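Here is input.txt, consisting of compact mmCIF, N, CA and C atoms:
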# COMPACT_ATOMS: atom_id res chain seq x y z
N MET A 941 -172.99 125.45 32.37
CA MET A 941 -173.86 124.95 31.32
C MET A 941 -175.01 125.95 31.16
N ASP A 942 -175.35 126.20 29.94
CA ASP A 942 -176.49 127.09 29.72
C ASP A 942 -177.79 126.28 29.71
N LEU A 943 -178.90 126.98 29.81
CA LEU A 943 -180.20 126.32 29.92
C LEU A 943 -180.51 125.47 28.69
N ALA A 944 -180.17 125.95 27.51
CA ALA A 944 -180.46 125.18 26.28
C ALA A 944 -179.73 123.84 26.29
N THR A 945 -178.50 123.83 26.75
CA THR A 945 -177.72 122.58 26.83
C THR A 945 -178.33 121.65 27.87
N PHE A 946 -178.72 122.21 29.01
CA PHE A 946 -179.36 121.40 30.05
C PHE A 946 -180.63 120.75 29.52
N ILE A 947 -181.46 121.50 28.83
CA ILE A 947 -182.70 120.96 28.27
C ILE A 947 -182.40 119.85 27.27
N MET A 948 -181.42 120.08 26.38
CA MET A 948 -181.06 119.08 25.38
C MET A 948 -180.59 117.78 26.05
N ARG A 949 -179.74 117.90 27.06
CA ARG A 949 -179.23 116.72 27.75
C ARG A 949 -180.33 116.01 28.55
N PHE A 950 -181.19 116.78 29.19
CA PHE A 950 -182.32 116.20 29.92
C PHE A 950 -183.17 115.36 28.97
N ASP A 951 -183.53 115.94 27.83
CA ASP A 951 -184.37 115.24 26.86
C ASP A 951 -183.69 113.99 26.31
N GLU A 952 -182.39 114.10 26.02
CA GLU A 952 -181.65 112.95 25.49
C GLU A 952 -181.59 111.83 26.52
N ALA A 953 -181.30 112.16 27.76
CA ALA A 953 -181.22 111.13 28.81
C ALA A 953 -182.58 110.48 29.03
N ALA A 954 -183.65 111.26 29.04
CA ALA A 954 -184.99 110.70 29.22
C ALA A 954 -185.33 109.74 28.08
N ALA A 955 -185.02 110.12 26.85
CA ALA A 955 -185.29 109.26 25.70
C ALA A 955 -184.47 107.97 25.78
N LYS A 956 -183.21 108.08 26.18
CA LYS A 956 -182.36 106.88 26.30
C LYS A 956 -182.86 105.97 27.40
N CYS A 957 -183.34 106.55 28.49
CA CYS A 957 -183.87 105.75 29.59
C CYS A 957 -185.07 104.92 29.11
N LEU A 958 -185.98 105.56 28.41
CA LEU A 958 -187.15 104.85 27.88
C LEU A 958 -186.73 103.79 26.87
N GLN A 959 -185.86 104.15 25.95
CA GLN A 959 -185.40 103.22 24.92
C GLN A 959 -184.74 101.99 25.53
N PHE A 960 -183.84 102.20 26.48
CA PHE A 960 -183.14 101.08 27.12
C PHE A 960 -184.12 100.18 27.88
N THR A 961 -185.00 100.79 28.66
CA THR A 961 -185.90 99.99 29.49
C THR A 961 -186.88 99.20 28.64
N ARG A 962 -187.30 99.74 27.51
CA ARG A 962 -188.18 98.99 26.59
C ARG A 962 -187.50 97.71 26.11
N GLN A 963 -186.19 97.70 26.03
CA GLN A 963 -185.45 96.52 25.58
C GLN A 963 -185.44 95.40 26.62
N ILE A 964 -185.69 95.73 27.89
CA ILE A 964 -185.49 94.72 28.92
C ILE A 964 -186.75 94.34 29.70
N VAL A 965 -187.84 95.11 29.56
CA VAL A 965 -189.06 94.77 30.32
C VAL A 965 -190.17 94.31 29.38
N THR A 966 -191.10 93.56 29.94
CA THR A 966 -192.19 93.00 29.14
C THR A 966 -193.34 93.99 28.91
N GLU A 967 -193.47 94.99 29.78
CA GLU A 967 -194.57 95.95 29.64
C GLU A 967 -194.37 96.85 28.41
N GLU A 968 -195.49 97.25 27.82
CA GLU A 968 -195.48 98.23 26.74
C GLU A 968 -195.45 99.61 27.40
N LEU A 969 -194.34 100.30 27.28
CA LEU A 969 -194.19 101.58 27.95
C LEU A 969 -194.58 102.72 27.01
N PRO A 970 -195.56 103.54 27.40
CA PRO A 970 -195.96 104.67 26.56
C PRO A 970 -194.81 105.66 26.35
N SER A 971 -194.81 106.33 25.22
CA SER A 971 -193.77 107.31 24.90
C SER A 971 -193.90 108.59 25.70
N GLU A 972 -195.11 108.91 26.14
CA GLU A 972 -195.33 110.11 26.95
C GLU A 972 -194.65 109.91 28.30
N LEU A 973 -193.79 110.85 28.68
CA LEU A 973 -193.02 110.71 29.92
C LEU A 973 -193.46 111.71 30.98
N ARG A 974 -193.41 111.25 32.22
CA ARG A 974 -193.60 112.09 33.40
C ARG A 974 -192.44 111.77 34.34
N PHE A 975 -192.22 112.61 35.33
CA PHE A 975 -191.07 112.47 36.21
C PHE A 975 -191.48 112.57 37.67
N ASP A 976 -190.88 111.74 38.49
CA ASP A 976 -191.01 111.81 39.94
C ASP A 976 -189.63 112.12 40.51
N ILE A 977 -189.60 113.01 41.48
CA ILE A 977 -188.35 113.34 42.17
C ILE A 977 -188.54 112.93 43.63
N PRO A 978 -187.86 111.87 44.09
CA PRO A 978 -188.05 111.46 45.48
C PRO A 978 -187.48 112.50 46.44
N TRP A 979 -188.08 112.58 47.62
CA TRP A 979 -187.61 113.51 48.64
C TRP A 979 -187.45 112.74 49.94
N LYS A 980 -186.68 113.30 50.84
CA LYS A 980 -186.40 112.60 52.09
C LYS A 980 -187.30 113.02 53.24
N ARG A 981 -187.56 114.31 53.36
CA ARG A 981 -188.29 114.79 54.54
C ARG A 981 -189.31 115.84 54.17
N VAL A 982 -190.39 115.82 54.92
CA VAL A 982 -191.41 116.86 54.86
C VAL A 982 -191.38 117.56 56.21
N ASP A 983 -191.34 118.90 56.21
CA ASP A 983 -191.29 119.62 57.49
C ASP A 983 -192.67 119.68 58.15
N SER A 984 -192.74 120.30 59.31
CA SER A 984 -193.99 120.35 60.08
C SER A 984 -195.10 121.12 59.36
N ASN A 985 -194.73 121.90 58.35
CA ASN A 985 -195.72 122.63 57.56
C ASN A 985 -196.10 121.88 56.29
N GLY A 986 -195.60 120.64 56.15
CA GLY A 986 -195.92 119.85 54.97
C GLY A 986 -195.12 120.24 53.74
N MET A 987 -193.98 120.89 53.92
CA MET A 987 -193.15 121.36 52.80
C MET A 987 -191.84 120.56 52.75
N ILE A 988 -191.24 120.54 51.56
CA ILE A 988 -189.97 119.87 51.34
C ILE A 988 -188.94 120.95 51.03
N GLN A 989 -187.82 120.94 51.77
CA GLN A 989 -186.73 121.85 51.41
C GLN A 989 -185.92 121.14 50.35
N PHE A 990 -185.83 121.75 49.18
CA PHE A 990 -185.21 121.09 48.04
C PHE A 990 -184.22 122.02 47.38
N LEU A 991 -183.31 121.50 46.64
CA LEU A 991 -182.25 122.21 45.92
C LEU A 991 -182.30 123.72 46.07
N GLY A 992 -181.27 124.25 46.62
CA GLY A 992 -181.17 125.69 46.78
C GLY A 992 -182.03 126.23 47.90
N GLY A 993 -182.59 125.36 48.73
CA GLY A 993 -183.38 125.80 49.86
C GLY A 993 -184.81 126.16 49.54
N ARG A 994 -185.25 125.91 48.31
CA ARG A 994 -186.64 126.19 47.96
C ARG A 994 -187.57 125.29 48.74
N LEU A 995 -188.71 125.82 49.11
CA LEU A 995 -189.73 125.03 49.79
C LEU A 995 -190.79 124.64 48.77
N LEU A 996 -190.97 123.34 48.62
CA LEU A 996 -191.93 122.80 47.66
C LEU A 996 -192.92 121.90 48.36
N ARG A 997 -194.11 121.79 47.82
CA ARG A 997 -195.11 120.85 48.33
C ARG A 997 -194.82 119.47 47.74
N PRO A 998 -195.11 118.39 48.47
CA PRO A 998 -194.85 117.05 47.94
C PRO A 998 -195.45 116.81 46.56
N GLU A 999 -196.63 117.34 46.30
CA GLU A 999 -197.26 117.12 44.99
C GLU A 999 -196.50 117.79 43.85
N GLU A 1000 -195.63 118.75 44.17
CA GLU A 1000 -194.81 119.38 43.14
C GLU A 1000 -193.66 118.48 42.70
N MET A 1001 -193.43 117.40 43.43
CA MET A 1001 -192.31 116.52 43.15
C MET A 1001 -192.72 115.24 42.40
N THR A 1002 -194.01 115.01 42.24
CA THR A 1002 -194.46 113.76 41.64
C THR A 1002 -195.24 114.00 40.36
N VAL A 1003 -195.07 113.08 39.45
CA VAL A 1003 -195.76 113.04 38.16
C VAL A 1003 -195.80 114.43 37.51
N ARG A 1004 -194.60 114.92 37.21
CA ARG A 1004 -194.42 116.21 36.56
C ARG A 1004 -194.04 115.99 35.11
N GLY A 1005 -194.38 116.94 34.27
CA GLY A 1005 -193.96 116.91 32.88
C GLY A 1005 -192.53 117.41 32.73
N TYR A 1006 -192.06 117.42 31.49
CA TYR A 1006 -190.70 117.86 31.19
C TYR A 1006 -190.43 119.27 31.73
N VAL A 1007 -191.28 120.22 31.36
CA VAL A 1007 -191.03 121.62 31.70
C VAL A 1007 -190.99 121.83 33.20
N GLU A 1008 -191.97 121.28 33.91
CA GLU A 1008 -192.01 121.47 35.36
C GLU A 1008 -190.81 120.83 36.05
N THR A 1009 -190.40 119.65 35.57
CA THR A 1009 -189.26 118.95 36.17
C THR A 1009 -187.98 119.73 35.94
N ARG A 1010 -187.79 120.22 34.72
CA ARG A 1010 -186.58 121.01 34.44
C ARG A 1010 -186.53 122.25 35.32
N LYS A 1011 -187.68 122.89 35.54
CA LYS A 1011 -187.71 124.10 36.38
C LYS A 1011 -187.30 123.79 37.81
N ILE A 1012 -187.65 122.62 38.30
CA ILE A 1012 -187.26 122.22 39.65
C ILE A 1012 -185.76 121.96 39.73
N LEU A 1013 -185.19 121.39 38.67
CA LEU A 1013 -183.78 120.99 38.68
C LEU A 1013 -182.83 122.12 38.30
N TRP A 1014 -183.30 123.13 37.60
CA TRP A 1014 -182.48 124.28 37.19
C TRP A 1014 -182.67 125.37 38.24
N VAL A 1015 -181.62 125.67 38.99
CA VAL A 1015 -181.73 126.61 40.10
C VAL A 1015 -180.81 127.81 39.85
N ASP A 1016 -181.36 128.87 39.32
CA ASP A 1016 -180.58 130.09 39.09
C ASP A 1016 -179.27 129.82 38.36
N GLY A 1017 -179.33 129.03 37.30
CA GLY A 1017 -178.13 128.73 36.52
C GLY A 1017 -177.29 127.59 37.05
N MET A 1018 -177.73 126.96 38.12
CA MET A 1018 -177.00 125.82 38.68
C MET A 1018 -177.86 124.57 38.58
N ILE A 1019 -177.19 123.43 38.54
CA ILE A 1019 -177.86 122.13 38.44
C ILE A 1019 -177.21 121.14 39.40
N PRO A 1020 -177.91 120.05 39.72
CA PRO A 1020 -177.27 119.02 40.56
C PRO A 1020 -176.04 118.43 39.85
N GLU A 1021 -175.05 118.04 40.64
CA GLU A 1021 -173.83 117.46 40.07
C GLU A 1021 -174.10 116.15 39.35
N TRP A 1022 -175.12 115.42 39.77
CA TRP A 1022 -175.55 114.21 39.06
C TRP A 1022 -177.06 114.07 39.18
N ILE A 1023 -177.64 113.47 38.14
CA ILE A 1023 -179.08 113.19 38.09
C ILE A 1023 -179.22 111.79 37.48
N ASN A 1024 -179.78 110.86 38.25
CA ASN A 1024 -179.97 109.49 37.77
C ASN A 1024 -181.41 109.29 37.34
N PHE A 1025 -181.60 108.78 36.14
CA PHE A 1025 -182.92 108.47 35.60
C PHE A 1025 -183.11 106.96 35.56
N SER A 1026 -184.28 106.50 36.01
CA SER A 1026 -184.67 105.10 35.83
C SER A 1026 -186.20 105.05 35.76
N ILE A 1027 -186.71 104.09 34.99
CA ILE A 1027 -188.16 103.93 34.87
C ILE A 1027 -188.70 103.38 36.18
N LEU A 1028 -189.71 104.05 36.70
CA LEU A 1028 -190.31 103.69 37.99
C LEU A 1028 -191.59 102.88 37.81
N ARG A 1029 -192.47 103.36 36.92
CA ARG A 1029 -193.77 102.71 36.71
C ARG A 1029 -194.38 103.26 35.42
N HIS A 1030 -195.54 102.75 35.09
CA HIS A 1030 -196.25 103.29 33.93
C HIS A 1030 -197.76 103.20 34.15
N THR A 1031 -198.47 103.98 33.36
CA THR A 1031 -199.92 103.94 33.31
C THR A 1031 -200.26 103.72 31.83
N PRO A 1032 -201.52 103.58 31.50
CA PRO A 1032 -201.84 103.47 30.07
C PRO A 1032 -201.47 104.73 29.27
N GLU A 1033 -201.40 105.88 29.96
CA GLU A 1033 -201.13 107.15 29.27
C GLU A 1033 -199.67 107.55 29.24
N TYR A 1034 -198.90 107.22 30.28
CA TYR A 1034 -197.52 107.71 30.35
C TYR A 1034 -196.62 106.76 31.14
N THR A 1035 -195.32 106.96 30.93
CA THR A 1035 -194.27 106.24 31.66
C THR A 1035 -193.64 107.23 32.64
N VAL A 1036 -193.39 106.76 33.86
CA VAL A 1036 -192.83 107.62 34.90
C VAL A 1036 -191.35 107.30 35.10
N ILE A 1037 -190.52 108.33 34.96
CA ILE A 1037 -189.09 108.21 35.23
C ILE A 1037 -188.82 108.80 36.61
N GLU A 1038 -188.11 108.03 37.43
CA GLU A 1038 -187.65 108.57 38.70
C GLU A 1038 -186.37 109.36 38.44
N ALA A 1039 -186.32 110.59 38.93
CA ALA A 1039 -185.13 111.44 38.80
C ALA A 1039 -184.53 111.59 40.19
N LEU A 1040 -183.55 110.77 40.47
CA LEU A 1040 -182.84 110.83 41.75
C LEU A 1040 -181.70 111.82 41.58
N VAL A 1041 -181.63 112.84 42.45
CA VAL A 1041 -180.67 113.92 42.22
C VAL A 1041 -179.73 114.12 43.40
N CYS A 1042 -178.55 114.58 43.09
CA CYS A 1042 -177.56 114.99 44.08
C CYS A 1042 -178.02 116.31 44.69
N ASN A 1043 -177.78 116.52 45.97
CA ASN A 1043 -178.20 117.78 46.58
C ASN A 1043 -177.15 118.88 46.47
N ARG A 1044 -176.01 118.58 45.82
CA ARG A 1044 -175.00 119.60 45.59
C ARG A 1044 -175.24 120.25 44.24
N LEU A 1045 -175.39 121.55 44.22
CA LEU A 1045 -175.61 122.30 42.98
C LEU A 1045 -174.29 122.89 42.49
N THR A 1046 -174.17 123.00 41.17
CA THR A 1046 -172.97 123.60 40.60
C THR A 1046 -173.31 124.32 39.30
N ASP A 1047 -172.47 125.30 38.98
CA ASP A 1047 -172.52 125.92 37.66
C ASP A 1047 -171.20 125.67 36.93
N ASP A 1048 -170.42 124.74 37.46
CA ASP A 1048 -169.11 124.38 36.93
C ASP A 1048 -169.21 123.02 36.23
N ASP A 1049 -169.13 123.01 34.91
CA ASP A 1049 -169.25 121.76 34.14
C ASP A 1049 -168.20 120.73 34.54
N ASP A 1050 -167.06 121.15 35.05
CA ASP A 1050 -166.01 120.21 35.46
C ASP A 1050 -166.44 119.39 36.67
N ARG A 1051 -167.43 119.84 37.41
CA ARG A 1051 -167.89 119.11 38.59
C ARG A 1051 -169.03 118.13 38.28
N LEU A 1052 -169.49 118.12 37.05
CA LEU A 1052 -170.61 117.23 36.69
C LEU A 1052 -170.13 115.80 36.55
N TYR A 1053 -170.95 114.88 37.02
CA TYR A 1053 -170.68 113.45 36.90
C TYR A 1053 -171.20 112.95 35.54
N HIS A 1054 -170.79 111.74 35.19
CA HIS A 1054 -171.31 110.98 34.04
C HIS A 1054 -170.94 111.59 32.69
N LYS A 1055 -169.78 112.15 32.58
CA LYS A 1055 -169.34 112.75 31.31
C LYS A 1055 -169.19 111.70 30.21
N ALA A 1056 -168.76 110.49 30.58
CA ALA A 1056 -168.52 109.44 29.58
C ALA A 1056 -169.80 109.04 28.84
N GLU A 1057 -170.95 109.25 29.46
CA GLU A 1057 -172.21 108.89 28.79
C GLU A 1057 -172.61 109.90 27.72
N GLY A 1058 -172.01 111.08 27.78
CA GLY A 1058 -172.26 112.06 26.73
C GLY A 1058 -173.31 113.11 27.05
N TYR A 1059 -173.98 113.01 28.18
CA TYR A 1059 -174.98 114.00 28.54
C TYR A 1059 -174.96 114.28 30.05
N PRO A 1060 -173.78 114.70 30.55
CA PRO A 1060 -173.69 115.00 31.98
C PRO A 1060 -174.64 116.13 32.35
N PRO A 1061 -175.22 116.08 33.51
CA PRO A 1061 -174.97 115.25 34.68
C PRO A 1061 -175.84 114.00 34.72
N PHE A 1062 -176.46 113.62 33.62
CA PHE A 1062 -177.45 112.54 33.60
C PHE A 1062 -176.81 111.17 33.46
N HIS A 1063 -177.43 110.22 34.16
CA HIS A 1063 -176.99 108.82 34.14
C HIS A 1063 -178.25 107.98 34.03
N VAL A 1064 -178.30 107.10 33.05
CA VAL A 1064 -179.45 106.23 32.84
C VAL A 1064 -179.20 104.90 33.53
N LEU A 1065 -180.14 104.53 34.40
CA LEU A 1065 -180.06 103.27 35.13
C LEU A 1065 -181.22 102.36 34.75
N SER A 1066 -181.05 101.09 34.96
CA SER A 1066 -182.14 100.14 34.74
C SER A 1066 -183.07 100.17 35.94
N PRO A 1067 -184.27 99.63 35.77
CA PRO A 1067 -185.08 99.36 36.96
C PRO A 1067 -184.41 98.21 37.72
N PRO A 1068 -184.89 97.89 38.94
CA PRO A 1068 -184.29 96.76 39.67
C PRO A 1068 -184.28 95.50 38.79
N LEU A 1069 -183.16 94.83 38.79
CA LEU A 1069 -182.99 93.64 37.94
C LEU A 1069 -183.23 92.37 38.74
N PRO A 1070 -183.90 91.38 38.13
CA PRO A 1070 -184.08 90.10 38.81
C PRO A 1070 -182.72 89.41 39.02
N GLU A 1071 -182.64 88.61 40.06
CA GLU A 1071 -181.42 87.86 40.33
C GLU A 1071 -181.07 87.00 39.11
N GLY A 1072 -179.81 87.04 38.73
CA GLY A 1072 -179.33 86.24 37.62
C GLY A 1072 -179.49 86.90 36.26
N TRP A 1073 -180.20 88.02 36.21
CA TRP A 1073 -180.36 88.72 34.93
C TRP A 1073 -179.02 89.30 34.54
N ASP A 1074 -178.61 89.12 33.27
CA ASP A 1074 -177.27 89.52 32.84
C ASP A 1074 -177.27 90.67 31.86
N SER A 1075 -177.98 90.54 30.74
CA SER A 1075 -177.97 91.58 29.71
C SER A 1075 -179.15 91.37 28.77
N PRO A 1076 -179.50 92.39 27.98
CA PRO A 1076 -180.61 92.23 27.02
C PRO A 1076 -180.32 91.13 25.99
N GLU A 1077 -179.05 90.91 25.71
CA GLU A 1077 -178.67 89.91 24.71
C GLU A 1077 -178.77 88.48 25.22
N THR A 1078 -178.55 88.29 26.53
CA THR A 1078 -178.47 86.92 27.05
C THR A 1078 -179.57 86.55 28.04
N SER A 1079 -180.36 87.52 28.46
CA SER A 1079 -181.39 87.26 29.47
C SER A 1079 -182.77 87.62 28.94
N PRO A 1080 -183.81 86.91 29.39
CA PRO A 1080 -185.16 87.23 28.93
C PRO A 1080 -185.64 88.55 29.53
N LYS A 1081 -186.62 89.14 28.86
CA LYS A 1081 -187.26 90.34 29.40
C LYS A 1081 -187.96 89.96 30.71
N PHE A 1082 -188.13 90.94 31.57
CA PHE A 1082 -188.77 90.72 32.86
C PHE A 1082 -189.80 91.82 33.09
N SER A 1083 -190.69 91.60 34.03
CA SER A 1083 -191.69 92.60 34.35
C SER A 1083 -191.05 93.74 35.15
N LEU A 1084 -191.41 94.94 34.81
CA LEU A 1084 -190.99 96.12 35.56
C LEU A 1084 -191.39 95.99 37.03
N TYR A 1085 -192.44 95.22 37.27
CA TYR A 1085 -193.01 95.08 38.62
C TYR A 1085 -192.67 93.76 39.28
N TRP A 1086 -191.61 93.12 38.85
CA TRP A 1086 -191.29 91.80 39.39
C TRP A 1086 -191.08 91.83 40.91
N LYS A 1087 -190.65 92.96 41.48
CA LYS A 1087 -190.44 93.08 42.93
C LYS A 1087 -191.65 93.62 43.67
N ARG A 1088 -192.60 94.21 42.93
CA ARG A 1088 -193.74 94.84 43.57
C ARG A 1088 -194.92 94.83 42.60
N LYS A 1089 -196.08 95.12 43.12
CA LYS A 1089 -197.27 95.18 42.28
C LYS A 1089 -197.38 96.57 41.64
N PRO A 1090 -197.93 96.66 40.40
CA PRO A 1090 -198.14 97.97 39.79
C PRO A 1090 -199.06 98.82 40.67
N GLU A 1091 -198.85 100.13 40.65
CA GLU A 1091 -199.68 101.04 41.44
C GLU A 1091 -200.98 101.34 40.74
Would it be possible to restate this file's structure as structure tokens?
Amino acid sequence: MDLATFIMRFDEAAAKCLQFTRQIVTEELPSELRFDIPWKRVDSNGMIQFLGGRLLRPEEMTVRGYVETRKILWVDGMIPEWINFSILRHTPEYTVIEALVCNRLTDDDDRLYHKAEGYPPFHVLSPPLPEGWDSPETSPKFSLYWKRKPE
């Protein structure tokens, strides 16, 4: 995949994530988007080894804009095999999408997941759903924070 295609798919998946989540939650989600990329471990120097072995500081992984997030996910022409987007939280200024990523990088489009959605490797997920919630058509909207308090 070339960089232009990756950018187009990233933007499309982010927009779909926001659009879908607005249909199911009670909060007014701002259109301005930021991205958080969760990490598992910080080394003894306070660094995170991330995709392709790059060492990043934890603050480089949280509340990033489009450009910064794409730069983290695009590694010398390779991308994660899958990237899951879901709305994590919001502020009055922006909505935060969590970008959970596979640690396997590829430059082979045949290895990308989520082709059926039309923008591989991206997959749009809902936030955690309340018990018994079925669909936007049959269930009431719920708070994005029903399981936790807003930050």
Legend entry - Contacts of Asn1043 in chain A at 7 Å (only N, CA and C atoms; same-chain gap of 4+ positions) as number ranges by chain: A: 991-992, 1020-1022
Based on the selection just made, write N, CA and C atoms of those residues as a compact mmCIF listing (two decimals), in the frame of the given file.
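Everything below was put into part-v1.txt:
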# COMPACT_ATOMS: atom_id res chain seq x y z
N LEU A 991 -183.31 121.50 46.64
CA LEU A 991 -182.25 122.21 45.92
C LEU A 991 -182.30 123.72 46.07
N GLY A 992 -181.27 124.25 46.62
CA GLY A 992 -181.17 125.69 46.78
C GLY A 992 -182.03 126.23 47.90
N PRO A 1020 -177.91 120.05 39.72
CA PRO A 1020 -177.27 119.02 40.56
C PRO A 1020 -176.04 118.43 39.85
N GLU A 1021 -175.05 118.04 40.64
CA GLU A 1021 -173.83 117.46 40.07
C GLU A 1021 -174.10 116.15 39.35
N TRP A 1022 -175.12 115.42 39.77
CA TRP A 1022 -175.55 114.21 39.06
C TRP A 1022 -177.06 114.07 39.18
Inset, instruction - Enumerate as a list in words all residues of range 985-1082 of chain A assigned to strand (DSSP E) by DSSP on the backbone, naming them with the chain letters and numbers the document uses. - result: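 For range 985-1082 of chain A, the strand (DSSP E) set is Ile988, Gln989, Phe990, Arg994, Leu995, Leu996, Ile1019, Pro1020, Ile1023, Asn1024, Phe1025, Ser1026, Ile1027, Leu1028, Arg1029, His1030, Thr1035, Val1036, Ile1037, Glu1038, Ala1039, Leu1040, Val1041, Leu1045, Thr1046, Phe1062, His1063 and Val1064 of chain A.
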Legend entry - Separation of atom C of Lys956 in chain A from atom C of Pro1061 in chain A in Å: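 Atom-to-atom, atom C of Pro1061 in chain A and atom C of Lys956 in chain A are spaced 12.9 Å apart.
Considering the residues A:Phe946, A:Tyr1006, A:Ala1039, A:Tyr1034 and counting only N, CA and C atoms, Pro1060 in chain A has its shortest atom-to-atom contact with A:Phe946.
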Around the point (-185.0, 109.6, 42.1) in the file's coordinates, collect all residues with an atom within 7 Å, using only C-alpha atoms, and return them as a PDB file with N, CA and C atoms, in the coordinates of the input.
ATOM      1  N   ASP A 976    -190.880 111.740  38.490  1.00  0.00           N
ATOM      2  CA  ASP A 976    -191.010 111.810  39.940  1.00  0.00           C
ATOM      3  C   ASP A 976    -189.630 112.120  40.510  1.00  0.00           C
ATOM      4  N   ILE A 977    -189.600 113.010  41.480  1.00  0.00           N
ATOM      5  CA  ILE A 977    -188.350 113.340  42.170  1.00  0.00           C
ATOM      6  C   ILE A 977    -188.540 112.930  43.630  1.00  0.00           C
ATOM      7  N   PRO A 978    -187.860 111.870  44.090  1.00  0.00           N
ATOM      8  CA  PRO A 978    -188.050 111.460  45.480  1.00  0.00           C
ATOM      9  C   PRO A 978    -187.480 112.500  46.440  1.00  0.00           C
ATOM     10  N   ASN A1024    -179.780 110.860  38.250  1.00  0.00           N
ATOM     11  CA  ASN A1024    -179.970 109.490  37.770  1.00  0.00           C
ATOM     12  C   ASN A1024    -181.410 109.290  37.340  1.00  0.00           C
ATOM     13  N   PHE A1025    -181.600 108.780  36.140  1.00  0.00           N
ATOM     14  CA  PHE A1025    -182.920 108.470  35.600  1.00  0.00           C
ATOM     15  C   PHE A1025    -183.110 106.960  35.560  1.00  0.00           C
ATOM     16  N   GLU A1038    -188.110 108.030  37.430  1.00  0.00           N
ATOM     17  CA  GLU A1038    -187.650 108.570  38.700  1.00  0.00           C
ATOM     18  C   GLU A1038    -186.370 109.360  38.440  1.00  0.00           C
ATOM     19  N   ALA A1039    -186.320 110.590  38.930  1.00  0.00           N
ATOM     20  CA  ALA A1039    -185.130 111.440  38.800  1.00  0.00           C
ATOM     21  C   ALA A1039    -184.530 111.590  40.190  1.00  0.00           C
ATOM     22  N   LEU A1040    -183.550 110.770  40.470  1.00  0.00           N
ATOM     23  CA  LEU A1040    -182.840 110.830  41.750  1.00  0.00           C
ATOM     24  C   LEU A1040    -181.700 111.820  41.580  1.00  0.00           C
ATOM     25  N   VAL A1041    -181.630 112.840  42.450  1.00  0.00           N
ATOM     26  CA  VAL A1041    -180.670 113.920  42.220  1.00  0.00           C
ATOM     27  C   VAL A1041    -179.730 114.120  43.400  1.00  0.00           C
TER      28      VAL A1041
END
Legend entry - For range 958-970 of chain A: contacts at 8 Å, only N, CA and C atoms, fewer than 3 positions along chain excluded, given as JSON, numbers by chain: {"A": [952, 953, 954, 955, 973, 1025, 1026, 1027, 1029, 1030, 1031, 1032, 1033, 1034, 1035, 1036, 1037, 1064, 1065, 1066, 1067, 1075, 1076, 1077, 1079, 1080, 1081, 1082, 1083, 1084, 1085]}
Inset, instruction - Quote the spacing between atom N of Val1015 in chain A and CA of Leu1045 in chain A in Å to one decimal place. - result: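 The value is 8.0 Å.
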